[in-house]
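One file, work-v2.cif, carrying mmCIF, C-alpha atoms:
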```cif
data_coords
#
loop_
_atom_site.group_PDB
_atom_site.id
_atom_site.type_symbol
_atom_site.label_atom_id
_atom_site.label_comp_id
_atom_site.auth_asym_id
_atom_site.auth_seq_id
_atom_site.Cartn_x
_atom_site.Cartn_y
_atom_site.Cartn_z
ATOM 1 C CA ASN A 199 7.707 -16.581 18.504
ATOM 2 C CA MET A 200 8.835 -13.051 17.571
ATOM 3 C CA GLY A 201 9.726 -13.674 13.930
ATOM 4 C CA LEU A 202 11.044 -16.081 11.332
ATOM 5 C CA GLY A 203 14.134 -18.010 12.406
ATOM 6 C CA ALA A 204 14.056 -16.940 16.066
ATOM 7 C CA ASN A 205 12.268 -18.435 19.099
ATOM 8 C CA THR A 206 11.764 -16.075 22.023
ATOM 9 C CA ILE A 207 10.720 -16.845 25.603
ATOM 10 C CA ILE A 208 9.844 -14.026 27.988
ATOM 11 C CA LYS A 209 9.134 -14.596 31.680
ATOM 12 C CA ALA A 210 8.113 -11.922 34.157
ATOM 13 C CA LYS A 211 6.913 -11.786 37.774
ATOM 14 C CA ARG A 212 3.986 -9.488 36.989
ATOM 15 C CA GLY A 213 2.417 -7.589 34.124
ATOM 16 C CA ILE A 214 -0.318 -5.124 33.173
ATOM 17 C CA LEU A 215 -2.529 -5.360 30.075
ATOM 18 C CA THR A 216 -3.851 -1.954 28.920
ATOM 19 C CA SER A 217 -5.704 -0.542 25.932
ATOM 20 C CA GLU A 218 -6.881 2.888 24.807
ATOM 21 C CA ASP A 219 -10.202 3.863 23.248
ATOM 22 C CA ASP A 220 -10.351 3.822 19.426
ATOM 23 C CA SER A 221 -7.113 1.833 19.264
ATOM 24 C CA ASN A 222 -6.420 -1.461 17.516
ATOM 25 C CA TYR A 223 -3.588 -2.427 19.877
ATOM 26 C CA LEU A 224 -3.202 -3.907 23.335
ATOM 27 C CA GLN A 225 -0.156 -2.947 25.386
ATOM 28 C CA LEU A 226 1.361 -5.581 27.675
ATOM 29 C CA GLU A 227 3.785 -4.189 30.285
ATOM 30 C CA LEU A 228 5.984 -6.799 31.978
ATOM 31 C CA TYR A 229 8.081 -6.135 35.104
ATOM 32 C CA ASP A 230 11.091 -7.923 36.628
ATOM 33 C CA GLY A 231 11.644 -10.670 34.104
ATOM 34 C CA TYR A 232 14.019 -12.437 31.730
ATOM 35 C CA TYR A 233 14.305 -12.401 27.940
ATOM 36 C CA TYR A 234 15.663 -15.492 26.148
ATOM 37 C CA GLU A 235 16.008 -15.926 22.386
ATOM 38 C CA ASP A 236 17.249 -18.868 20.322
ATOM 39 C CA ILE A 237 19.000 -17.616 17.185
ATOM 40 C CA HIS A 238 19.048 -19.765 14.055
ATOM 41 C CA PRO A 239 21.801 -18.596 11.669
ATOM 42 C CA LYS A 240 21.495 -19.162 7.951
ATOM 43 C CA LYS A 241 24.869 -20.920 7.755
ATOM 44 C CA PHE A 242 24.786 -24.557 8.840
ATOM 45 C CA GLU A 243 28.253 -24.372 10.462
ATOM 46 C CA GLU A 244 27.126 -21.626 12.837
ATOM 47 C CA ARG A 245 24.008 -23.558 13.891
ATOM 48 C CA LYS A 246 26.191 -26.155 15.657
ATOM 49 C CA ARG A 247 27.245 -23.491 18.164
ATOM 50 C CA LEU A 248 23.584 -23.018 19.242
ATOM 51 C CA PRO A 249 23.807 -19.225 19.627
ATOM 52 C CA PHE A 250 21.318 -17.449 21.870
ATOM 53 C CA ALA A 251 20.685 -14.111 23.534
ATOM 54 C CA LYS A 252 19.666 -13.688 27.157
ATOM 55 C CA SER A 253 19.000 -10.616 29.262
ATOM 56 C CA SER A 254 16.987 -9.376 32.203
ATOM 57 C CA PHE A 255 14.728 -6.349 32.371
ATOM 58 C CA LYS A 256 12.912 -4.194 34.895
ATOM 59 C CA LYS A 257 10.209 -3.224 32.402
ATOM 60 C CA TYR A 258 9.378 -4.598 28.953
ATOM 61 C CA VAL A 259 6.512 -3.432 26.705
ATOM 62 C CA ILE A 260 4.837 -5.641 24.078
ATOM 63 C CA ASN A 261 2.269 -4.229 21.639
ATOM 64 C CA ILE A 262 -0.355 -6.725 20.379
ATOM 65 C CA ASP A 263 -2.022 -5.984 17.037
ATOM 66 C CA LEU A 264 -5.804 -6.557 17.105
ATOM 67 C CA THR A 265 -6.579 -5.193 13.646
ATOM 68 C CA LYS A 266 -7.436 -8.547 12.104
ATOM 69 C CA LEU A 267 -9.479 -9.591 15.145
ATOM 70 C CA ASN A 268 -11.524 -6.375 14.998
ATOM 71 C CA GLN A 269 -12.582 -6.934 11.412
ATOM 72 C CA ALA A 270 -16.235 -7.862 11.027
ATOM 73 C CA GLU A 271 -16.879 -11.465 10.115
ATOM 74 C CA ILE A 272 -18.442 -11.855 6.672
ATOM 75 C CA ASP A 273 -20.418 -14.919 5.635
ATOM 76 C CA ASP A 274 -19.415 -16.297 2.261
ATOM 77 C CA GLY A 275 -23.029 -16.172 1.123
ATOM 78 C CA ASN A 276 -23.349 -12.451 1.896
ATOM 79 C CA VAL A 277 -20.257 -11.254 0.060
ATOM 80 C CA THR A 278 -21.251 -8.618 -2.503
ATOM 81 C CA SER A 279 -18.993 -7.330 -5.251
ATOM 82 C CA GLU A 280 -18.604 -3.572 -5.544
ATOM 83 C CA LYS A 281 -19.795 -3.813 -9.156
ATOM 84 C CA MET A 282 -23.198 -5.055 -7.924
ATOM 85 C CA LEU A 283 -23.807 -2.034 -5.674
ATOM 86 C CA THR A 284 -25.625 1.109 -6.704
ATOM 87 C CA VAL A 285 -23.965 4.536 -6.634
ATOM 88 C CA PRO A 286 -25.550 5.567 -3.264
ATOM 89 C CA GLU A 287 -24.533 2.200 -1.753
ATOM 90 C CA LEU A 288 -20.997 2.613 -3.075
ATOM 91 C CA LYS A 289 -20.714 6.078 -1.526
ATOM 92 C CA ILE A 290 -21.840 4.757 1.865
ATOM 93 C CA THR A 291 -19.353 1.870 1.634
ATOM 94 C CA LEU A 292 -16.547 4.220 0.578
ATOM 95 C CA ASP A 293 -17.171 6.487 3.560
ATOM 96 C CA SER A 294 -16.883 3.501 5.911
ATOM 97 C CA LEU A 295 -13.759 2.152 4.178
ATOM 98 C CA GLN A 296 -12.024 5.538 4.215
ATOM 99 C CA LYS A 297 -12.708 6.058 7.940
ATOM 100 C CA SER A 298 -11.347 2.584 8.683
ATOM 101 C CA TYR A 299 -8.254 3.288 6.559
ATOM 102 C CA ASN A 300 -7.538 6.595 8.329
ATOM 103 C CA LYS A 301 -7.971 4.918 11.716
ATOM 104 C CA ASP A 302 -5.537 2.130 10.793
ATOM 105 C CA VAL A 303 -2.904 4.626 9.598
ATOM 106 C CA ILE A 304 -2.975 6.370 12.976
ATOM 107 C CA SER A 305 -2.940 3.061 14.880
ATOM 108 C CA TYR A 306 0.031 1.733 12.891
ATOM 109 C CA ALA A 307 1.962 4.951 13.466
ATOM 110 C CA ASP A 308 1.225 4.829 17.206
ATOM 111 C CA ASN A 309 2.388 1.219 17.295
ATOM 112 C CA VAL A 310 5.769 2.133 15.798
ATOM 113 C CA VAL A 311 6.179 4.875 18.396
ATOM 114 C CA MET A 312 5.200 2.569 21.264
ATOM 115 C CA ARG A 313 7.782 0.002 20.126
ATOM 116 C CA SER A 314 10.457 2.584 20.904
ATOM 117 C CA ASP A 315 9.408 2.761 24.548
ATOM 118 C CA ASN A 316 12.907 3.518 25.771
ATOM 119 C CA ILE A 317 12.923 6.719 23.706
ATOM 120 C CA PHE A 318 9.279 7.785 23.769
ATOM 121 C CA ARG A 319 8.210 7.278 27.376
ATOM 122 C CA LYS A 320 5.247 9.348 28.492
ATOM 123 C CA ASN A 321 4.821 8.635 32.174
ATOM 124 C CA ASN A 322 8.418 8.109 33.275
ATOM 125 C CA PRO A 323 10.279 11.447 33.079
ATOM 126 C CA THR A 324 14.003 11.310 33.791
ATOM 127 C CA THR A 325 15.418 13.756 36.314
ATOM 128 C CA THR A 326 19.059 14.372 37.074
ATOM 129 C CA ILE A 327 20.249 15.896 40.350
ATOM 130 C CA ALA A 328 23.803 17.255 40.308
ATOM 131 C CA THR A 329 25.633 17.660 43.609
ATOM 132 C CA SER A 330 28.229 20.080 42.281
ATOM 133 C CA PRO A 331 28.935 22.243 39.189
ATOM 134 C CA LYS A 332 31.739 19.869 38.122
ATOM 135 C CA GLU A 333 29.399 16.886 38.159
ATOM 136 C CA SER A 334 26.820 18.880 36.203
ATOM 137 C CA ILE A 335 29.363 19.736 33.513
ATOM 138 C CA ALA A 336 30.613 16.156 33.362
ATOM 139 C CA LYS A 337 27.086 14.814 32.935
ATOM 140 C CA ALA A 338 26.320 17.400 30.262
ATOM 141 C CA GLU A 339 29.267 16.306 28.089
ATOM 142 C CA PRO A 340 28.030 14.126 25.215
ATOM 143 C CA LYS A 341 29.477 10.656 24.839
ATOM 144 C CA LYS A 342 31.043 9.785 21.502
ATOM 145 C CA ASP A 343 30.067 6.147 21.993
ATOM 146 C CA ILE A 344 27.231 5.485 24.425
ATOM 147 C CA LEU A 345 28.133 1.782 24.594
ATOM 148 C CA SER A 346 31.486 2.704 26.157
ATOM 149 C CA ILE A 347 29.828 3.148 29.567
ATOM 150 C CA PHE A 348 28.929 -0.571 29.651
ATOM 151 C CA ASN A 349 31.137 -3.613 29.988
ATOM 152 C CA ALA A 350 31.610 -6.199 27.224
ATOM 153 C CA THR A 351 28.836 -8.533 28.427
ATOM 154 C CA GLU A 352 26.315 -5.717 28.745
ATOM 155 C CA ARG A 353 27.229 -4.345 25.307
ATOM 156 C CA LYS A 354 26.641 -7.745 23.749
ATOM 157 C CA GLN A 355 23.241 -8.064 25.425
ATOM 158 C CA ILE A 356 22.244 -4.557 24.360
ATOM 159 C CA LEU A 357 23.231 -5.183 20.745
ATOM 160 C CA GLU A 358 21.367 -8.500 20.624
ATOM 161 C CA ILE A 359 18.187 -6.968 22.060
ATOM 162 C CA THR A 360 18.490 -3.972 19.743
ATOM 163 C CA LYS A 361 18.891 -6.237 16.711
ATOM 164 C CA SER A 362 15.827 -8.243 17.727
ATOM 165 C CA ASN A 363 13.741 -5.099 18.288
ATOM 166 C CA VAL A 364 14.773 -3.625 14.930
ATOM 167 C CA THR A 365 13.931 -6.866 13.125
ATOM 168 C CA SER A 366 10.566 -7.075 14.842
ATOM 169 C CA THR A 367 9.772 -3.425 14.066
ATOM 170 C CA GLU A 368 10.797 -3.832 10.424
ATOM 171 C CA PHE A 369 8.601 -6.920 10.071
ATOM 172 C CA SER A 370 5.660 -5.040 11.611
ATOM 173 C CA ILE A 371 6.149 -2.060 9.292
ATOM 174 C CA GLN A 372 6.279 -4.268 6.180
ATOM 175 C CA SER A 373 3.170 -6.169 7.292
ATOM 176 C CA ASN A 374 1.265 -2.954 8.020
ATOM 177 C CA LYS A 375 2.394 -1.458 4.717
ATOM 178 C CA LEU A 376 1.055 -4.457 2.804
ATOM 179 C CA ASP A 377 -2.231 -4.287 4.720
ATOM 180 C CA LEU A 378 -2.657 -0.575 3.947
ATOM 181 C CA GLU A 379 -1.863 -1.146 0.274
ATOM 182 C CA ASN A 380 -4.569 -3.818 0.051
ATOM 183 C CA LYS A 381 -7.095 -1.535 1.745
ATOM 184 C CA SER A 382 -6.141 1.316 -0.572
ATOM 185 C CA LYS A 383 -6.703 -0.935 -3.595
ATOM 186 C CA ASN A 384 -10.109 -1.910 -2.215
ATOM 187 C CA ILE A 385 -11.053 1.774 -1.875
ATOM 188 C CA ASN A 386 -9.853 2.482 -5.421
ATOM 189 C CA ASN A 387 -11.863 -0.488 -6.709
ATOM 190 C CA HIS A 388 -15.035 1.053 -5.279
ATOM 191 C CA TRP A 389 -14.237 4.417 -6.867
ATOM 192 C CA LEU A 390 -13.579 2.645 -10.172
ATOM 193 C CA ALA A 391 -16.954 0.905 -9.876
ATOM 194 C CA ILE A 392 -18.655 4.310 -9.538
ATOM 195 C CA HIS A 393 -16.860 5.765 -12.557
ATOM 196 C CA GLU A 394 -17.410 2.595 -14.574
ATOM 197 C CA LYS A 395 -21.200 2.967 -14.423
ATOM 198 C CA PHE A 396 -20.962 6.251 -16.348
ATOM 199 C CA VAL A 397 -17.971 5.383 -18.524
ATOM 200 C CA ILE A 398 -19.614 2.243 -19.944
ATOM 201 C CA ALA A 399 -22.723 4.208 -20.954
ATOM 202 C CA TYR A 400 -20.582 6.840 -22.670
ATOM 203 C CA SER A 401 -18.408 4.169 -24.316
ATOM 204 C CA CYS A 402 -21.492 2.545 -25.878
ATOM 205 C CA LEU A 403 -22.429 5.849 -27.521
ATOM 206 C CA LEU A 404 -18.794 6.369 -28.484
ATOM 207 C CA MET A 405 -18.561 3.012 -30.256
ATOM 208 C CA PHE A 406 -21.820 3.744 -32.066
ATOM 209 C CA PHE A 407 -20.438 7.005 -33.454
ATOM 210 C CA ILE A 408 -17.314 5.113 -34.566
ATOM 211 C CA GLY A 409 -18.952 1.983 -36.003
ATOM 212 C CA ALA A 410 -21.906 3.556 -37.832
ATOM 213 C CA PRO A 411 -19.847 6.153 -39.758
ATOM 214 C CA LEU A 412 -17.269 3.465 -40.643
ATOM 215 C CA GLY A 413 -20.063 1.376 -42.130
ATOM 216 C CA ALA A 414 -21.119 4.330 -44.261
ATOM 217 C CA ILE A 415 -17.572 5.199 -45.337
ATOM 218 C CA ILE A 416 -16.446 1.645 -46.184
ATOM 219 C CA ARG A 417 -18.962 0.842 -48.888
ATOM 220 C CA LYS A 418 -17.994 -2.720 -49.492
ATOM 221 C CA GLY A 419 -18.761 -5.864 -47.594
ATOM 222 C CA GLY A 420 -16.650 -8.879 -46.741
ATOM 223 C CA LEU A 421 -14.199 -9.509 -43.932
ATOM 224 C CA GLY A 422 -11.346 -7.396 -45.186
ATOM 225 C CA LEU A 423 -10.890 -3.749 -44.298
ATOM 226 C CA PRO A 424 -13.969 -3.433 -41.987
ATOM 227 C CA VAL A 425 -12.746 -6.230 -39.706
ATOM 228 C CA ILE A 426 -9.185 -4.898 -39.620
ATOM 229 C CA ILE A 427 -10.313 -1.400 -38.653
ATOM 230 C CA SER A 428 -12.786 -2.710 -36.037
ATOM 231 C CA VAL A 429 -10.140 -4.890 -34.392
ATOM 232 C CA PHE A 430 -7.634 -2.038 -34.463
ATOM 233 C CA VAL A 431 -10.089 0.358 -32.758
ATOM 234 C CA PHE A 432 -11.002 -2.249 -30.130
ATOM 235 C CA ILE A 433 -7.348 -3.018 -29.336
ATOM 236 C CA ILE A 434 -6.573 0.670 -28.792
ATOM 237 C CA TYR A 435 -9.596 1.064 -26.511
ATOM 238 C CA TYR A 436 -8.773 -2.122 -24.546
ATOM 239 C CA ILE A 437 -5.108 -1.212 -23.992
ATOM 240 C CA LEU A 438 -5.930 2.299 -22.782
ATOM 241 C CA ASP A 439 -8.801 1.122 -20.555
ATOM 242 C CA ASN A 440 -6.861 -1.780 -19.012
ATOM 243 C CA SER A 441 -3.732 0.313 -18.406
ATOM 244 C CA GLY A 442 -5.753 3.128 -16.838
ATOM 245 C CA PHE A 443 -7.621 0.652 -14.620
ATOM 246 C CA ARG A 444 -4.425 -0.937 -13.290
ATOM 247 C CA MET A 445 -2.663 2.371 -12.666
ATOM 248 C CA ALA A 446 -5.729 3.831 -10.913
ATOM 249 C CA ARG A 447 -6.197 0.738 -8.726
ATOM 250 C CA GLN A 448 -2.567 0.903 -7.570
ATOM 251 C CA GLY A 449 -2.921 4.617 -6.801
ATOM 252 C CA ASP A 450 -0.327 5.774 -9.352
ATOM 253 C CA TRP A 451 -3.014 7.689 -11.285
ATOM 254 C CA SER A 452 -6.170 9.361 -10.076
ATOM 255 C CA VAL A 453 -9.297 7.231 -10.557
ATOM 256 C CA TRP A 454 -11.085 9.663 -12.869
ATOM 257 C CA PHE A 455 -8.014 9.931 -15.136
ATOM 258 C CA GLY A 456 -7.351 6.189 -15.296
ATOM 259 C CA LYS A 457 -10.955 5.232 -16.021
ATOM 260 C CA GLY A 458 -11.599 8.141 -18.408
ATOM 261 C CA LEU A 459 -8.390 7.770 -20.416
ATOM 262 C CA ALA A 460 -9.778 5.369 -23.039
ATOM 263 C CA PRO A 461 -13.083 7.156 -23.850
ATOM 264 C CA VAL A 462 -11.452 10.600 -23.854
ATOM 265 C CA ALA A 463 -8.705 9.400 -26.211
ATOM 266 C CA MET A 464 -11.255 7.779 -28.575
ATOM 267 C CA THR A 465 -13.628 10.760 -28.636
ATOM 268 C CA PRO A 466 -11.620 12.778 -31.240
ATOM 269 C CA ILE A 467 -11.566 9.706 -33.490
ATOM 270 C CA ALA A 468 -15.362 9.341 -33.222
ATOM 271 C CA VAL A 469 -15.878 13.044 -33.952
ATOM 272 C CA PHE A 470 -13.521 12.933 -36.938
ATOM 273 C CA ILE A 471 -15.071 9.809 -38.499
ATOM 274 C CA THR A 472 -18.620 11.071 -37.906
ATOM 275 C CA TYR A 473 -17.754 14.404 -39.509
ATOM 276 C CA LYS A 474 -16.183 12.728 -42.532
ATOM 277 C CA ALA A 475 -19.146 10.395 -42.978
ATOM 278 C CA ASN A 476 -21.589 13.310 -42.749
ATOM 279 C CA ASN A 477 -19.686 15.157 -45.499
ATOM 280 C CA ASP A 478 -19.359 11.982 -47.589
ATOM 281 C CA SER A 479 -15.562 12.253 -47.541
ATOM 282 C CA MET A 480 -13.172 9.510 -48.649
ATOM 283 C CA VAL A 481 -11.374 8.772 -45.395
ATOM 284 C CA PHE A 482 -9.533 5.676 -46.643
ATOM 285 C CA ASN A 483 -8.410 7.065 -49.983
ATOM 286 C CA GLY A 484 -4.660 6.493 -50.139
ATOM 287 C CA ASP A 485 -4.040 9.061 -52.886
ATOM 288 C CA LEU A 486 -5.933 11.707 -50.920
ATOM 289 C CA TRP A 487 -3.848 11.150 -47.772
ATOM 290 C CA GLY A 488 -0.657 11.054 -49.840
ATOM 291 C CA ARG A 489 -1.364 14.468 -51.322
ATOM 292 C CA PHE A 490 -2.262 15.797 -47.843
ATOM 293 C CA PHE A 491 1.099 14.798 -46.343
ATOM 294 C CA MET A 492 2.963 16.063 -49.411
ATOM 295 C CA ARG A 493 1.410 19.501 -48.945
ATOM 296 C CA LEU A 494 1.993 19.312 -45.151
ATOM 297 C CA PHE A 495 5.760 18.811 -45.577
ATOM 298 C CA GLY A 496 6.033 21.262 -48.511
ATOM 299 C CA PHE A 497 6.739 18.790 -51.297
#
```

Is it possible to express this structure as structure tokens?
Amino acid sequence: NMGLGANTIIKAKRGILTSEDDSNYLQLELYDGYYYEDIHPKKFEERKRLPFAKSSFKKYVINIDLTKLNQAEIDDGNVTSEKMLTVPELKITLDSLQKSYNKDVISYADNVVMRSDNIFRKNNPTTTIATSPKESIAKAEPKKDILSIFNATERKQILEITKSNVTSTEFSIQSNKLDLENKSKNINNHWLAIHEKFVIAYSCLLMFFIGAPLGAIIRKGGLGLPVIISVFVFIIYYILDNSGFRMARQGDWSVWFGKGLAPVAMTPIAVFITYKANNDSMVFNGDLWGRFFMRLFGF
């Protein structure tokens, strides 16, 4: 089964199974065989015709992905979250994850190249022997349409096989892309766990230098203005921290910027409120702020 909506049967007289060191793929080379594919159109009317594609080949190469089989088996009881690891353990894990990611990128790229075996063939150089200058010139002339050298039946077989190969290659690329994106997110999660250990400690001090001065400035109890200001400060911090975390995990932002956005943005507020409380200033005096903006705009 080579993909959704198409059943493929390949028969060959002989074949060779090969693999290279440090590769996640097996290469199956088949010789002297037949290729048969049942096509299932989306339209119900076309399904009644039972379309299919059939061709013969001298050599056919199939690349088998072993990435998932090579992954180490993990017992459910031994699964450890990155947030539970120490900084040295996280660095060791990150080094292993990054090496595995780089290896998979190279393997996926090699797989795409090997799928185009008719174009990129290493051990089968093509040589052309011309018997006369006229034949050499004729063979050197480019063809406007390469399919014109085949008959109608051969052109149909070539187009069907080409369509199947393109679909299979596209499906492989999309699958590999999704796999690499998941591995990249896992790497970013480990980097975020490292930064989080320091950011949380700094955020605790930051909230202290925001909350304590506010308690000194707002000299009245109750659940009025103190609660409103506390909720407002928390919402700002949560939005910035959550947005930075998501953008850093997806790789759109660097990890240090995404995780440090919230505390860095709140630091000027903590400095300002602490300074005002130390000088016993009236931060929430409406008349004072009104006169400030009037002078700022020249009124």

What separates atom CA of Lys354 of chain A and atom CA of Lys209 of chain A is a distance of 20.4 Å

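Closest to Glu227 of chain A among A:Ser305, A:Asn386, A:Thr472, A:Asn261 is A:Asn261, based on only C-alpha atoms.
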
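The interatomic distance for the pair atom CA of Gly442 of chain A and atom CA of Ile398 of chain A works out to 14.2 Å.
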
Check: Could you work out how far atom CA of Ser373 of chain A lies from atom CA of Gln355 of chain A, giving the answer in Å with one decimal?
Finding: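 That distance, rounded to one decimal, is 27.1 Å.
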
Residues in the PyMOL selection byres ((chain A and resi 260) around 9), expressed as an NGL selection string:
:A and (224-228 or 258-259 or 261-262 or 312-313)

Print the selection's residues with C-alpha atoms to a file, as an mmCIF file, keeping the file's coordinate frame.
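Resulting contents of out-v9.cif:
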```
data_model
loop_
_atom_site.group_PDB
_atom_site.id
_atom_site.type_symbol
_atom_site.label_atom_id
_atom_site.label_comp_id
_atom_site.auth_asym_id
_atom_site.auth_seq_id
_atom_site.Cartn_x
_atom_site.Cartn_y
_atom_site.Cartn_z
ATOM 1 C CA LEU A 224 -3.202 -3.907 23.335
ATOM 2 C CA GLN A 225 -0.156 -2.947 25.386
ATOM 3 C CA LEU A 226 1.361 -5.581 27.675
ATOM 4 C CA GLU A 227 3.785 -4.189 30.285
ATOM 5 C CA LEU A 228 5.984 -6.799 31.978
ATOM 6 C CA TYR A 258 9.378 -4.598 28.953
ATOM 7 C CA VAL A 259 6.512 -3.432 26.705
ATOM 8 C CA ASN A 261 2.269 -4.229 21.639
ATOM 9 C CA ILE A 262 -0.355 -6.725 20.379
ATOM 10 C CA MET A 312 5.200 2.569 21.264
ATOM 11 C CA ARG A 313 7.782 0.002 20.126
#
```

Go through the shown structure with the PyMOL selection byres ((chain A and resi 447) around 9) and write out the matching residues as an NGL selection string. :A and (382-387 or 390 or 442-446 or 448-453 or 456)

Output file for the selection above: C-alpha atoms, as an mmCIF file, keeping the file's coordinate frame:
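Generated output (selection.cif):
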```
data_model
loop_
_atom_site.group_PDB
_atom_site.id
_atom_site.type_symbol
_atom_site.label_atom_id
_atom_site.label_comp_id
_atom_site.auth_asym_id
_atom_site.auth_seq_id
_atom_site.Cartn_x
_atom_site.Cartn_y
_atom_site.Cartn_z
ATOM 1 C CA SER A 382 -6.141 1.316 -0.572
ATOM 2 C CA LYS A 383 -6.703 -0.935 -3.595
ATOM 3 C CA ASN A 384 -10.109 -1.910 -2.215
ATOM 4 C CA ILE A 385 -11.053 1.774 -1.875
ATOM 5 C CA ASN A 386 -9.853 2.482 -5.421
ATOM 6 C CA ASN A 387 -11.863 -0.488 -6.709
ATOM 7 C CA LEU A 390 -13.579 2.645 -10.172
ATOM 8 C CA GLY A 442 -5.753 3.128 -16.838
ATOM 9 C CA PHE A 443 -7.621 0.652 -14.620
ATOM 10 C CA ARG A 444 -4.425 -0.937 -13.290
ATOM 11 C CA MET A 445 -2.663 2.371 -12.666
ATOM 12 C CA ALA A 446 -5.729 3.831 -10.913
ATOM 13 C CA GLN A 448 -2.567 0.903 -7.570
ATOM 14 C CA GLY A 449 -2.921 4.617 -6.801
ATOM 15 C CA ASP A 450 -0.327 5.774 -9.352
ATOM 16 C CA TRP A 451 -3.014 7.689 -11.285
ATOM 17 C CA SER A 452 -6.170 9.361 -10.076
ATOM 18 C CA VAL A 453 -9.297 7.231 -10.557
ATOM 19 C CA GLY A 456 -7.351 6.189 -15.296
#
```

Residues within 12 Å of (-6.9, 1.5, -29.0), file coordinates, counting only C-alpha atoms: what are they? Give the list as number ranges by chain.
A: 405, 427-441, 459-465, 467

Using all atoms listed in the file, the shortest atom-to-atom distance to His388 of chain A among A:Pro286, A:Gly496, A:Gly213, A:Pro411 belongs to A:Pro286
